[in-house]
Amino acid sequence: MSSVSERPVGRRSVVTVFYSLAIGSGVMRSISVTLDVAALNTLIADPLAFGFMSQWTSLLVTVLLVSVLSLPRRASSGSRRTFGYSLDPDFGRLRVLPRRPMLYLLASGAFAGLSTFFYYFLAGATDASVVLPYGQLVIVYLLIGDLLAEKDTPTIVEIQSITSVVIGVLLIGVTPGGFDLLTLIVVVGPMNISSALYTYYQRVTKRFEMSPGLRVDSLNMRLWTLLFLNGFFSFMSFFFLEDSSWLLMSETFSSLLWIMVASSVATFLSLVMYVRALGRGTMAVVNSLAAVSVILGIPTTVIGNLVMPGAFGSVTYDMFLWILKIFGVGLILIGVVALQAADVRSLVLIKVRPQTGDILPELYDIRGVETAAALAGSQDYLLSIKSRSLSKTRTGILKKVQAIPEVEMIQTLVILKDYR
Amino acid sequence: MTDTIRAYVLMEIEIGNTDRVVEQLKSINEATRVAVTTGVYDIVVLLEVESLEALYEITVNRIHKIPGIRDTSTAVIEKMIG
């Protein structure tokens with residue numbers, strides 16, 4: 001398959017598409033969580049049993065959705081594309097991925113399975129509404145992970161951002177009784193570490209280039225991740241599911257089916273958008289934007305209760321707490337989006353002296369260099385670079401390029417607007 | 001060995017025409033990245049085509065005919081990392 005007809009430039013700017021995907025993911029996630037809460041409040045009291053059924057139903061729904069989205073249609077341009085192209089331009093059809101991305105997804109699925117297990121385990125011991133906000137602390141891990149990956153000295157803006165996110169998360173998780181310490185420890189420990197590693201492997205997979213210009217698509221990624229996730233999750237669940245749990249599953253399956261299918265579709269769309277956003281931005285920013293799901297839970301719960309009174313939980317308790325939660329989300333968004341807004345992207349054109357060998361790997365090894373291309377023509381190399389500020393572009397990247405003895409001349413083009 | 005050729009097209013644009021040129025470039029299916037820049041060039045486009053003949057067709061018959069472009073320089077990518 002050629003990438004030529006499959007991957008044209010988007011009609012909207014990179015920034016617009018990125019923010020739409022990340023926030024859209026949060027909206028879909030809030031719908032999915034609300035449906036899960038409704039199921040646990042009305043039809044089944046065993047979260048682990050519900051999780052077991054819900055996860056495998058989700059896999060079946062995902063296989064069906066990806067199969068339907070693999071059907072071809074004729075695009076307005078005359079070329080043949082699948083329905084899934086609209087969701088992800090990298091999508092061709094349901095397929096087995098190459099070995100390397102498949103291994104990444106296996107790791108991602110294992111960590112997601114661990115995180116999912118702890119989620120359902122805690123949901124049985126405490127209120128799910130306490131677990132979810134603390135889960136947002138994963139943003140801090142990702143933020144630090146992004147900084148470590150860039151091997152950069154943190155600036156005051158970065159430290160301020162991390163502080164802002166931590167305070168924001170604690171505000172979101174506040175309850176009338178204070179902080180649930182045991183839950184906080186479990187969520188901050190194994191659950192969030194697993195989530196952070198899941199996010200890392202999803203991002204690595206999404207950025208894997210199968211052929212020039214064609215990356216792994218988010219639809220197949222969701223399908224395979226879910227299969228591996230279910231394998232690990234089910235393995236761990238077997239040790240905790242009792243005989244009564246299996247009986248409960250057989251009794252409630254038919255009545256829960258519609259709600260599990262609806263939740264699965266919402267989760268599918270949420271994760272497809274989430275993965276696509278991950279392919280375009282840093283992990284921390286995607287997660288912080290998706291954190292709007294914590295606040296969007298309020299309108300979806302209210303609307304749900306209008307349809308089925310009481311089934312979707314209560315939002316009528318202390319409005320002061322909700323104001324604190326809104327402040328919390330605001331702090332998270334300000335902290336991380338400010339960091340993202342400071343990013344500067346540039347293209348650097350390089351000419352080298354005659355009789356110079358290949359310096360492409362040397363150029364690519366400079367941190368901040370996203371892609372390095374060797375060119376035919378008047379210029380010898382073109383680098384696509386990203387840094388936290390124009391000052392860091394100069395000190396962190398350009399000075400290192402200039403330090404390479406073979407480099408004769410460089411020209412820097414700062415990107416004002418980018419469409420990909 | 002791949003069947004795709006990639007090339008950067010570096011462009012100088014006449015003053016006041018940048019947005020119009022960008023819109024025209026976005027309609028080219030083979031353009032996978034369009035960046036508006038400051039510096040010696042105003043727009044940089046990444047093209048992905050099947051052959052050098054296709055690259056010729058797009059640069060000469062599509063890009064060069066867009067009003068507002070003053071000058072272009074096409075650089076075929078020999079190797080790319082990242």
# chains A, B, ... in the order shown; residues from 1 in each chain; ligands from 1
>>> interface_residues(of="chain A", to="chain B", cutoff="6 Å", atoms="only C-alpha atoms", output="PyMOL selection string")
chain A and resi 4+8-9+370-377+413-420
>>> write_last_selection(atoms="N, CA and C atoms", output="PDB file, in the first residue's frame")
ATOM      1  N   VAL A   4       1.039   7.350  -0.498  1.00  0.00           N
ATOM      2  CA  VAL A   4       0.738   8.536  -1.291  1.00  0.00           C
ATOM      3  C   VAL A   4      -0.749   8.853  -1.290  1.00  0.00           C
ATOM      4  N   PRO A   8      -2.818  12.231   2.891  1.00  0.00           N
ATOM      5  CA  PRO A   8      -2.619  13.621   2.518  1.00  0.00           C
ATOM      6  C   PRO A   8      -2.575  14.512   3.752  1.00  0.00           C
ATOM      7  N   VAL A   9      -2.151  15.771   3.563  1.00  0.00           N
ATOM      8  CA  VAL A   9      -2.081  16.701   4.682  1.00  0.00           C
ATOM      9  C   VAL A   9      -3.492  17.018   5.173  1.00  0.00           C
ATOM     10  N   GLU A 370      13.718  16.024  15.963  1.00  0.00           N
ATOM     11  CA  GLU A 370      12.640  15.035  15.779  1.00  0.00           C
ATOM     12  C   GLU A 370      12.874  14.185  14.536  1.00  0.00           C
ATOM     13  N   THR A 371      13.233  14.841  13.422  1.00  0.00           N
ATOM     14  CA  THR A 371      13.589  14.099  12.215  1.00  0.00           C
ATOM     15  C   THR A 371      14.817  14.754  11.585  1.00  0.00           C
ATOM     16  N   ALA A 372      15.625  13.934  10.929  1.00  0.00           N
ATOM     17  CA  ALA A 372      16.805  14.441  10.215  1.00  0.00           C
ATOM     18  C   ALA A 372      16.782  13.838   8.816  1.00  0.00           C
ATOM     19  N   ALA A 373      16.904  14.698   7.788  1.00  0.00           N
ATOM     20  CA  ALA A 373      16.847  14.203   6.408  1.00  0.00           C
ATOM     21  C   ALA A 373      18.083  14.645   5.642  1.00  0.00           C
ATOM     22  N   ALA A 374      18.669  13.713   4.882  1.00  0.00           N
ATOM     23  CA  ALA A 374      19.770  14.042   3.984  1.00  0.00           C
ATOM     24  C   ALA A 374      19.161  14.396   2.631  1.00  0.00           C
ATOM     25  N   LEU A 375      19.602  15.513   2.044  1.00  0.00           N
ATOM     26  CA  LEU A 375      18.955  16.026   0.842  1.00  0.00           C
ATOM     27  C   LEU A 375      19.884  16.017  -0.371  1.00  0.00           C
ATOM     28  N   ALA A 376      19.263  15.929  -1.541  1.00  0.00           N
ATOM     29  CA  ALA A 376      19.986  16.156  -2.790  1.00  0.00           C
ATOM     30  C   ALA A 376      19.676  17.592  -3.209  1.00  0.00           C
ATOM     31  N   GLY A 377      20.694  18.332  -3.641  1.00  0.00           N
ATOM     32  CA  GLY A 377      20.444  19.714  -4.053  1.00  0.00           C
ATOM     33  C   GLY A 377      21.374  20.667  -3.355  1.00  0.00           C
ATOM     34  N   LEU A 413      14.612  28.151  10.135  1.00  0.00           N
ATOM     35  CA  LEU A 413      13.273  28.631   9.784  1.00  0.00           C
ATOM     36  C   LEU A 413      12.352  28.283  10.952  1.00  0.00           C
ATOM     37  N   VAL A 414      11.886  29.292  11.680  1.00  0.00           N
ATOM     38  CA  VAL A 414      10.973  29.028  12.802  1.00  0.00           C
ATOM     39  C   VAL A 414       9.565  28.796  12.248  1.00  0.00           C
ATOM     40  N   ILE A 415       8.925  27.708  12.696  1.00  0.00           N
ATOM     41  CA  ILE A 415       7.594  27.373  12.154  1.00  0.00           C
ATOM     42  C   ILE A 415       6.524  28.190  12.885  1.00  0.00           C
ATOM     43  N   LEU A 416       5.721  28.913  12.091  1.00  0.00           N
ATOM     44  CA  LEU A 416       4.636  29.704  12.656  1.00  0.00           C
ATOM     45  C   LEU A 416       3.333  28.897  12.682  1.00  0.00           C
ATOM     46  N   LYS A 417       3.119  28.103  11.657  1.00  0.00           N
ATOM     47  CA  LYS A 417       1.908  27.280  11.564  1.00  0.00           C
ATOM     48  C   LYS A 417       2.268  25.999  10.846  1.00  0.00           C
ATOM     49  N   ASP A 418       1.702  24.901  11.338  1.00  0.00           N
ATOM     50  CA  ASP A 418       2.106  23.592  10.838  1.00  0.00           C
ATOM     51  C   ASP A 418       0.873  22.759  10.504  1.00  0.00           C
ATOM     52  N   TYR A 419       0.777  22.240   9.294  1.00  0.00           N
ATOM     53  CA  TYR A 419      -0.335  21.349   8.905  1.00  0.00           C
ATOM     54  C   TYR A 419       0.269  19.988   8.558  1.00  0.00           C
ATOM     55  N   ARG A 420      -0.235  18.913   9.244  1.00  0.00           N
ATOM     56  CA  ARG A 420       0.285  17.568   8.940  1.00  0.00           C
ATOM     57  C   ARG A 420      -0.856  16.591   8.782  1.00  0.00           C
TER      58      ARG A 420
END
>>> atom_distance(atom1="atom CA of Ala112 of chain A", atom2="atom CA of Tyr198 of chain A")
5.6 Å
>>> residues_around(residues="Phe320 of chain A", least_positions_apart="6", cutoff="12 Å", atoms="only C-alpha atoms", output="list in words")
Leu171, Ile172, Val174, Thr175, Pro176, Ile326 and Phe327 of chain A
>>> write_last_selection(atoms="all heavy atoms", output="PDB file, in the first residue's frame")
ATOM      1  N   LEU A 171      -6.866  18.701  44.447  1.00  0.00           N
ATOM      2  CA  LEU A 171      -8.152  19.407  44.557  1.00  0.00           C
ATOM      3  C   LEU A 171      -9.277  18.590  43.914  1.00  0.00           C
ATOM      4  O   LEU A 171     -10.383  18.523  44.439  1.00  0.00           O
ATOM      5  CB  LEU A 171      -8.069  20.783  43.882  1.00  0.00           C
ATOM      6  CG  LEU A 171      -7.377  21.893  44.670  1.00  0.00           C
ATOM      7  CD1 LEU A 171      -7.349  23.185  43.863  1.00  0.00           C
ATOM      8  CD2 LEU A 171      -8.098  22.138  45.994  1.00  0.00           C
ATOM      9  N   ILE A 172      -8.985  17.956  42.776  1.00  0.00           N
ATOM     10  CA  ILE A 172     -10.015  17.147  42.111  1.00  0.00           C
ATOM     11  C   ILE A 172     -10.423  15.973  43.006  1.00  0.00           C
ATOM     12  O   ILE A 172     -11.580  15.588  43.079  1.00  0.00           O
ATOM     13  CB  ILE A 172      -9.498  16.604  40.757  1.00  0.00           C
ATOM     14  CG1 ILE A 172      -9.338  17.740  39.748  1.00  0.00           C
ATOM     15  CG2 ILE A 172     -10.474  15.586  40.172  1.00  0.00           C
ATOM     16  CD1 ILE A 172      -8.746  17.293  38.433  1.00  0.00           C
ATOM     17  N   VAL A 174     -10.472  15.731  46.249  1.00  0.00           N
ATOM     18  CA  VAL A 174     -10.923  16.038  47.605  1.00  0.00           C
ATOM     19  C   VAL A 174     -12.354  15.532  47.827  1.00  0.00           C
ATOM     20  O   VAL A 174     -13.195  15.566  46.926  1.00  0.00           O
ATOM     21  CB  VAL A 174     -10.814  17.564  47.877  1.00  0.00           C
ATOM     22  CG1 VAL A 174     -11.888  18.355  47.166  1.00  0.00           C
ATOM     23  CG2 VAL A 174     -10.828  17.850  49.352  1.00  0.00           C
ATOM     24  N   THR A 175     -12.594  14.978  49.013  1.00  0.00           N
ATOM     25  CA  THR A 175     -13.934  14.460  49.370  1.00  0.00           C
ATOM     26  C   THR A 175     -14.373  15.111  50.683  1.00  0.00           C
ATOM     27  O   THR A 175     -13.543  15.703  51.387  1.00  0.00           O
ATOM     28  CB  THR A 175     -13.887  12.932  49.577  1.00  0.00           C
ATOM     29  OG1 THR A 175     -13.007  12.648  50.672  1.00  0.00           O
ATOM     30  CG2 THR A 175     -13.416  12.198  48.337  1.00  0.00           C
ATOM     31  N   PRO A 176     -15.662  14.969  51.053  1.00  0.00           N
ATOM     32  CA  PRO A 176     -16.109  15.585  52.322  1.00  0.00           C
ATOM     33  C   PRO A 176     -15.293  15.088  53.519  1.00  0.00           C
ATOM     34  O   PRO A 176     -15.093  15.807  54.485  1.00  0.00           O
ATOM     35  CB  PRO A 176     -17.567  15.148  52.430  1.00  0.00           C
ATOM     36  CG  PRO A 176     -17.995  14.908  51.024  1.00  0.00           C
ATOM     37  CD  PRO A 176     -16.787  14.378  50.315  1.00  0.00           C
ATOM     38  N   ILE A 326     -13.395  21.910  39.966  1.00  0.00           N
ATOM     39  CA  ILE A 326     -13.256  22.694  38.724  1.00  0.00           C
ATOM     40  C   ILE A 326     -11.946  23.496  38.758  1.00  0.00           C
ATOM     41  O   ILE A 326     -11.213  23.574  37.777  1.00  0.00           O
ATOM     42  CB  ILE A 326     -14.488  23.614  38.518  1.00  0.00           C
ATOM     43  CG1 ILE A 326     -15.712  22.743  38.217  1.00  0.00           C
ATOM     44  CG2 ILE A 326     -14.257  24.613  37.392  1.00  0.00           C
ATOM     45  CD1 ILE A 326     -17.033  23.453  38.274  1.00  0.00           C
ATOM     46  N   PHE A 327     -11.624  24.067  39.937  1.00  0.00           N
ATOM     47  CA  PHE A 327     -10.339  24.767  40.091  1.00  0.00           C
ATOM     48  C   PHE A 327      -9.187  23.795  39.816  1.00  0.00           C
ATOM     49  O   PHE A 327      -8.185  24.140  39.200  1.00  0.00           O
ATOM     50  CB  PHE A 327     -10.189  25.328  41.506  1.00  0.00           C
ATOM     51  CG  PHE A 327     -10.957  26.608  41.737  1.00  0.00           C
ATOM     52  CD1 PHE A 327     -11.312  27.004  43.019  1.00  0.00           C
ATOM     53  CD2 PHE A 327     -11.325  27.419  40.676  1.00  0.00           C
ATOM     54  CE1 PHE A 327     -12.017  28.181  43.239  1.00  0.00           C
ATOM     55  CE2 PHE A 327     -12.040  28.597  40.883  1.00  0.00           C
ATOM     56  CZ  PHE A 327     -12.380  28.971  42.174  1.00  0.00           C
TER      57      PHE A 327
END
>>> residues_around(residues="Gly16 of chain B", least_positions_apart="4", cutoff="10 Å", atoms="only C-alpha atoms", output="list of chain:residue names")
B:Arg20, B:Val21, B:Gly68
>>> write_last_selection(atoms="N, CA and C atoms", output="PDB file, in the first residue's frame")
ATOM      1  N   ARG B  20      -3.432  32.137   1.083  1.00  0.00           N
ATOM      2  CA  ARG B  20      -4.036  31.610  -0.157  1.00  0.00           C
ATOM      3  C   ARG B  20      -3.187  30.448  -0.700  1.00  0.00           C
ATOM      4  N   VAL B  21      -1.881  30.616  -0.667  1.00  0.00           N
ATOM      5  CA  VAL B  21      -1.002  29.551  -1.165  1.00  0.00           C
ATOM      6  C   VAL B  21      -1.117  28.304  -0.275  1.00  0.00           C
ATOM      7  N   GLY B  68       1.087  33.495  -6.552  1.00  0.00           N
ATOM      8  CA  GLY B  68       1.597  34.007  -5.279  1.00  0.00           C
ATOM      9  C   GLY B  68       2.928  33.407  -4.887  1.00  0.00           C
TER      10      GLY B  68
END
>>> select_by_dssp(residues="segment 209-239 of chain A", states="strand (DSSP E or B)", output="PyMOL selection string")
chain A and resi 209-211+214-215
>>> select_by_dssp(residues="segment 3-75 of chain B", states="helix (DSSP H, G or I)", output="PDB file with N, CA and C atoms, in the first residue's frame")
ATOM      1  N   THR B  18       0.373  34.392   1.527  1.00  0.00           N
ATOM      2  CA  THR B  18       0.723  33.150   2.242  1.00  0.00           C
ATOM      3  C   THR B  18      -0.499  32.263   2.499  1.00  0.00           C
ATOM      4  N   ASP B  19      -1.569  32.829   3.070  1.00  0.00           N
ATOM      5  CA  ASP B  19      -2.743  32.007   3.414  1.00  0.00           C
ATOM      6  C   ASP B  19      -3.358  31.362   2.174  1.00  0.00           C
ATOM      7  N   ARG B  20      -3.432  32.137   1.083  1.00  0.00           N
ATOM      8  CA  ARG B  20      -4.036  31.610  -0.157  1.00  0.00           C
ATOM      9  C   ARG B  20      -3.187  30.448  -0.700  1.00  0.00           C
ATOM     10  N   VAL B  21      -1.881  30.616  -0.667  1.00  0.00           N
ATOM     11  CA  VAL B  21      -1.002  29.551  -1.165  1.00  0.00           C
ATOM     12  C   VAL B  21      -1.117  28.304  -0.275  1.00  0.00           C
ATOM     13  N   VAL B  22      -1.172  28.525   1.035  1.00  0.00           N
ATOM     14  CA  VAL B  22      -1.293  27.383   1.961  1.00  0.00           C
ATOM     15  C   VAL B  22      -2.553  26.587   1.651  1.00  0.00           C
ATOM     16  N   GLU B  23      -3.670  27.287   1.426  1.00  0.00           N
ATOM     17  CA  GLU B  23      -4.937  26.587   1.118  1.00  0.00           C
ATOM     18  C   GLU B  23      -4.798  25.737  -0.144  1.00  0.00           C
ATOM     19  N   GLN B  24      -4.120  26.287  -1.157  1.00  0.00           N
ATOM     20  CA  GLN B  24      -3.912  25.540  -2.412  1.00  0.00           C
ATOM     21  C   GLN B  24      -3.022  24.315  -2.171  1.00  0.00           C
ATOM     22  N   LEU B  25      -1.991  24.505  -1.360  1.00  0.00           N
ATOM     23  CA  LEU B  25      -1.061  23.398  -1.099  1.00  0.00           C
ATOM     24  C   LEU B  25      -1.738  22.277  -0.316  1.00  0.00           C
ATOM     25  N   LYS B  26      -2.641  22.647   0.595  1.00  0.00           N
ATOM     26  CA  LYS B  26      -3.332  21.634   1.415  1.00  0.00           C
ATOM     27  C   LYS B  26      -4.223  20.736   0.563  1.00  0.00           C
ATOM     28  N   LEU B  52       9.863   9.872  -9.557  1.00  0.00           N
ATOM     29  CA  LEU B  52      10.389  11.203  -9.891  1.00  0.00           C
ATOM     30  C   LEU B  52       9.499  11.891 -10.914  1.00  0.00           C
ATOM     31  N   GLU B  53       8.869  11.070 -11.773  1.00  0.00           N
ATOM     32  CA  GLU B  53       7.955  11.641 -12.763  1.00  0.00           C
ATOM     33  C   GLU B  53       6.751  12.286 -12.066  1.00  0.00           C
ATOM     34  N   ALA B  54       6.270  11.588 -11.023  1.00  0.00           N
ATOM     35  CA  ALA B  54       5.136  12.138 -10.255  1.00  0.00           C
ATOM     36  C   ALA B  54       5.558  13.417  -9.545  1.00  0.00           C
ATOM     37  N   LEU B  55       6.812  13.439  -9.062  1.00  0.00           N
ATOM     38  CA  LEU B  55       7.328  14.638  -8.396  1.00  0.00           C
ATOM     39  C   LEU B  55       7.384  15.802  -9.393  1.00  0.00           C
ATOM     40  N   TYR B  56       7.820  15.497 -10.606  1.00  0.00           N
ATOM     41  CA  TYR B  56       7.871  16.508 -11.670  1.00  0.00           C
ATOM     42  C   TYR B  56       6.456  17.050 -11.938  1.00  0.00           C
ATOM     43  N   GLU B  57       5.498  16.137 -12.064  1.00  0.00           N
ATOM     44  CA  GLU B  57       4.112  16.538 -12.349  1.00  0.00           C
ATOM     45  C   GLU B  57       3.574  17.491 -11.279  1.00  0.00           C
ATOM     46  N   ILE B  58       3.834  17.133 -10.032  1.00  0.00           N
ATOM     47  CA  ILE B  58       3.276  17.942  -8.935  1.00  0.00           C
ATOM     48  C   ILE B  58       3.974  19.289  -8.814  1.00  0.00           C
ATOM     49  N   THR B  59       5.302  19.278  -8.904  1.00  0.00           N
ATOM     50  CA  THR B  59       6.016  20.555  -8.756  1.00  0.00           C
ATOM     51  C   THR B  59       5.759  21.480  -9.955  1.00  0.00           C
ATOM     52  N   VAL B  60       5.867  20.931 -11.152  1.00  0.00           N
ATOM     53  CA  VAL B  60       5.747  21.783 -12.349  1.00  0.00           C
ATOM     54  C   VAL B  60       4.290  22.122 -12.675  1.00  0.00           C
ATOM     55  N   ASN B  61       3.426  21.108 -12.621  1.00  0.00           N
ATOM     56  CA  ASN B  61       2.044  21.339 -13.064  1.00  0.00           C
ATOM     57  C   ASN B  61       1.067  21.729 -11.955  1.00  0.00           C
ATOM     58  N   ARG B  62       1.447  21.509 -10.706  1.00  0.00           N
ATOM     59  CA  ARG B  62       0.535  21.919  -9.628  1.00  0.00           C
ATOM     60  C   ARG B  62       1.108  23.110  -8.854  1.00  0.00           C
ATOM     61  N   ILE B  63       2.288  22.909  -8.251  1.00  0.00           N
ATOM     62  CA  ILE B  63       2.823  23.945  -7.349  1.00  0.00           C
ATOM     63  C   ILE B  63       3.245  25.202  -8.111  1.00  0.00           C
TER      64      ILE B  63
END
>>> atom_distance(atom1="atom CA of Met53 of chain A", atom2="atom CA of Arg222 of chain A")
17.9 Å
>>> atom_distance(atom1="atom CA of Ile359 of chain A", atom2="atom CA of Pro405 of chain A")
10.4 Å
>>> residues_around(residues="segment 337-349 of chain A", least_positions_apart="2", cutoff="7 Å", atoms="only C-alpha atoms", output="MDAnalysis selection string")
chainID A and resid 158 161 285 333:335 351 379 381:390 410:415
>>> decode(residues="segment 39-53 of chain B", atoms="N, CA and C atoms", output="PDB file, in the first residue's frame")
ATOM      1  N   GLY B  39      12.100  33.344   8.056  1.00  0.00           N
ATOM      2  CA  GLY B  39      13.465  33.086   7.586  1.00  0.00           C
ATOM      3  C   GLY B  39      13.574  33.217   6.084  1.00  0.00           C
ATOM      4  N   VAL B  40      14.560  32.539   5.506  1.00  0.00           N
ATOM      5  CA  VAL B  40      14.825  32.710   4.073  1.00  0.00           C
ATOM      6  C   VAL B  40      13.717  32.111   3.199  1.00  0.00           C
ATOM      7  N   TYR B  41      12.980  31.164   3.726  1.00  0.00           N
ATOM      8  CA  TYR B  41      11.822  30.617   2.997  1.00  0.00           C
ATOM      9  C   TYR B  41      10.551  30.872   3.806  1.00  0.00           C
ATOM     10  N   ASP B  42       9.426  31.013   3.075  1.00  0.00           N
ATOM     11  CA  ASP B  42       8.168  31.341   3.749  1.00  0.00           C
ATOM     12  C   ASP B  42       7.305  30.107   4.013  1.00  0.00           C
ATOM     13  N   ILE B  43       7.382  29.131   3.120  1.00  0.00           N
ATOM     14  CA  ILE B  43       6.609  27.901   3.283  1.00  0.00           C
ATOM     15  C   ILE B  43       7.507  26.718   2.932  1.00  0.00           C
ATOM     16  N   VAL B  44       7.408  25.661   3.725  1.00  0.00           N
ATOM     17  CA  VAL B  44       8.124  24.412   3.417  1.00  0.00           C
ATOM     18  C   VAL B  44       7.086  23.301   3.316  1.00  0.00           C
ATOM     19  N   VAL B  45       7.116  22.564   2.212  1.00  0.00           N
ATOM     20  CA  VAL B  45       6.151  21.484   1.992  1.00  0.00           C
ATOM     21  C   VAL B  45       6.898  20.159   1.880  1.00  0.00           C
ATOM     22  N   LEU B  46       6.362  19.146   2.545  1.00  0.00           N
ATOM     23  CA  LEU B  46       6.917  17.804   2.399  1.00  0.00           C
ATOM     24  C   LEU B  46       6.007  17.019   1.460  1.00  0.00           C
ATOM     25  N   LEU B  47       6.575  16.531   0.363  1.00  0.00           N
ATOM     26  CA  LEU B  47       5.796  15.761  -0.615  1.00  0.00           C
ATOM     27  C   LEU B  47       6.169  14.286  -0.532  1.00  0.00           C
ATOM     28  N   GLU B  48       5.189  13.414  -0.734  1.00  0.00           N
ATOM     29  CA  GLU B  48       5.461  11.974  -0.839  1.00  0.00           C
ATOM     30  C   GLU B  48       4.832  11.488  -2.140  1.00  0.00           C
ATOM     31  N   VAL B  49       5.685  11.025  -3.054  1.00  0.00           N
ATOM     32  CA  VAL B  49       5.211  10.621  -4.381  1.00  0.00           C
ATOM     33  C   VAL B  49       5.744   9.234  -4.747  1.00  0.00           C
ATOM     34  N   GLU B  50       5.169   8.670  -5.796  1.00  0.00           N
ATOM     35  CA  GLU B  50       5.567   7.312  -6.168  1.00  0.00           C
ATOM     36  C   GLU B  50       6.814   7.272  -7.041  1.00  0.00           C
ATOM     37  N   SER B  51       7.069   8.351  -7.782  1.00  0.00           N
ATOM     38  CA  SER B  51       8.214   8.337  -8.703  1.00  0.00           C
ATOM     39  C   SER B  51       8.699   9.769  -8.936  1.00  0.00           C
ATOM     40  N   LEU B  52       9.863   9.872  -9.557  1.00  0.00           N
ATOM     41  CA  LEU B  52      10.389  11.203  -9.891  1.00  0.00           C
ATOM     42  C   LEU B  52       9.499  11.891 -10.914  1.00  0.00           C
ATOM     43  N   GLU B  53       8.869  11.070 -11.773  1.00  0.00           N
ATOM     44  CA  GLU B  53       7.955  11.641 -12.763  1.00  0.00           C
ATOM     45  C   GLU B  53       6.751  12.286 -12.066  1.00  0.00           C
TER      46      GLU B  53
END
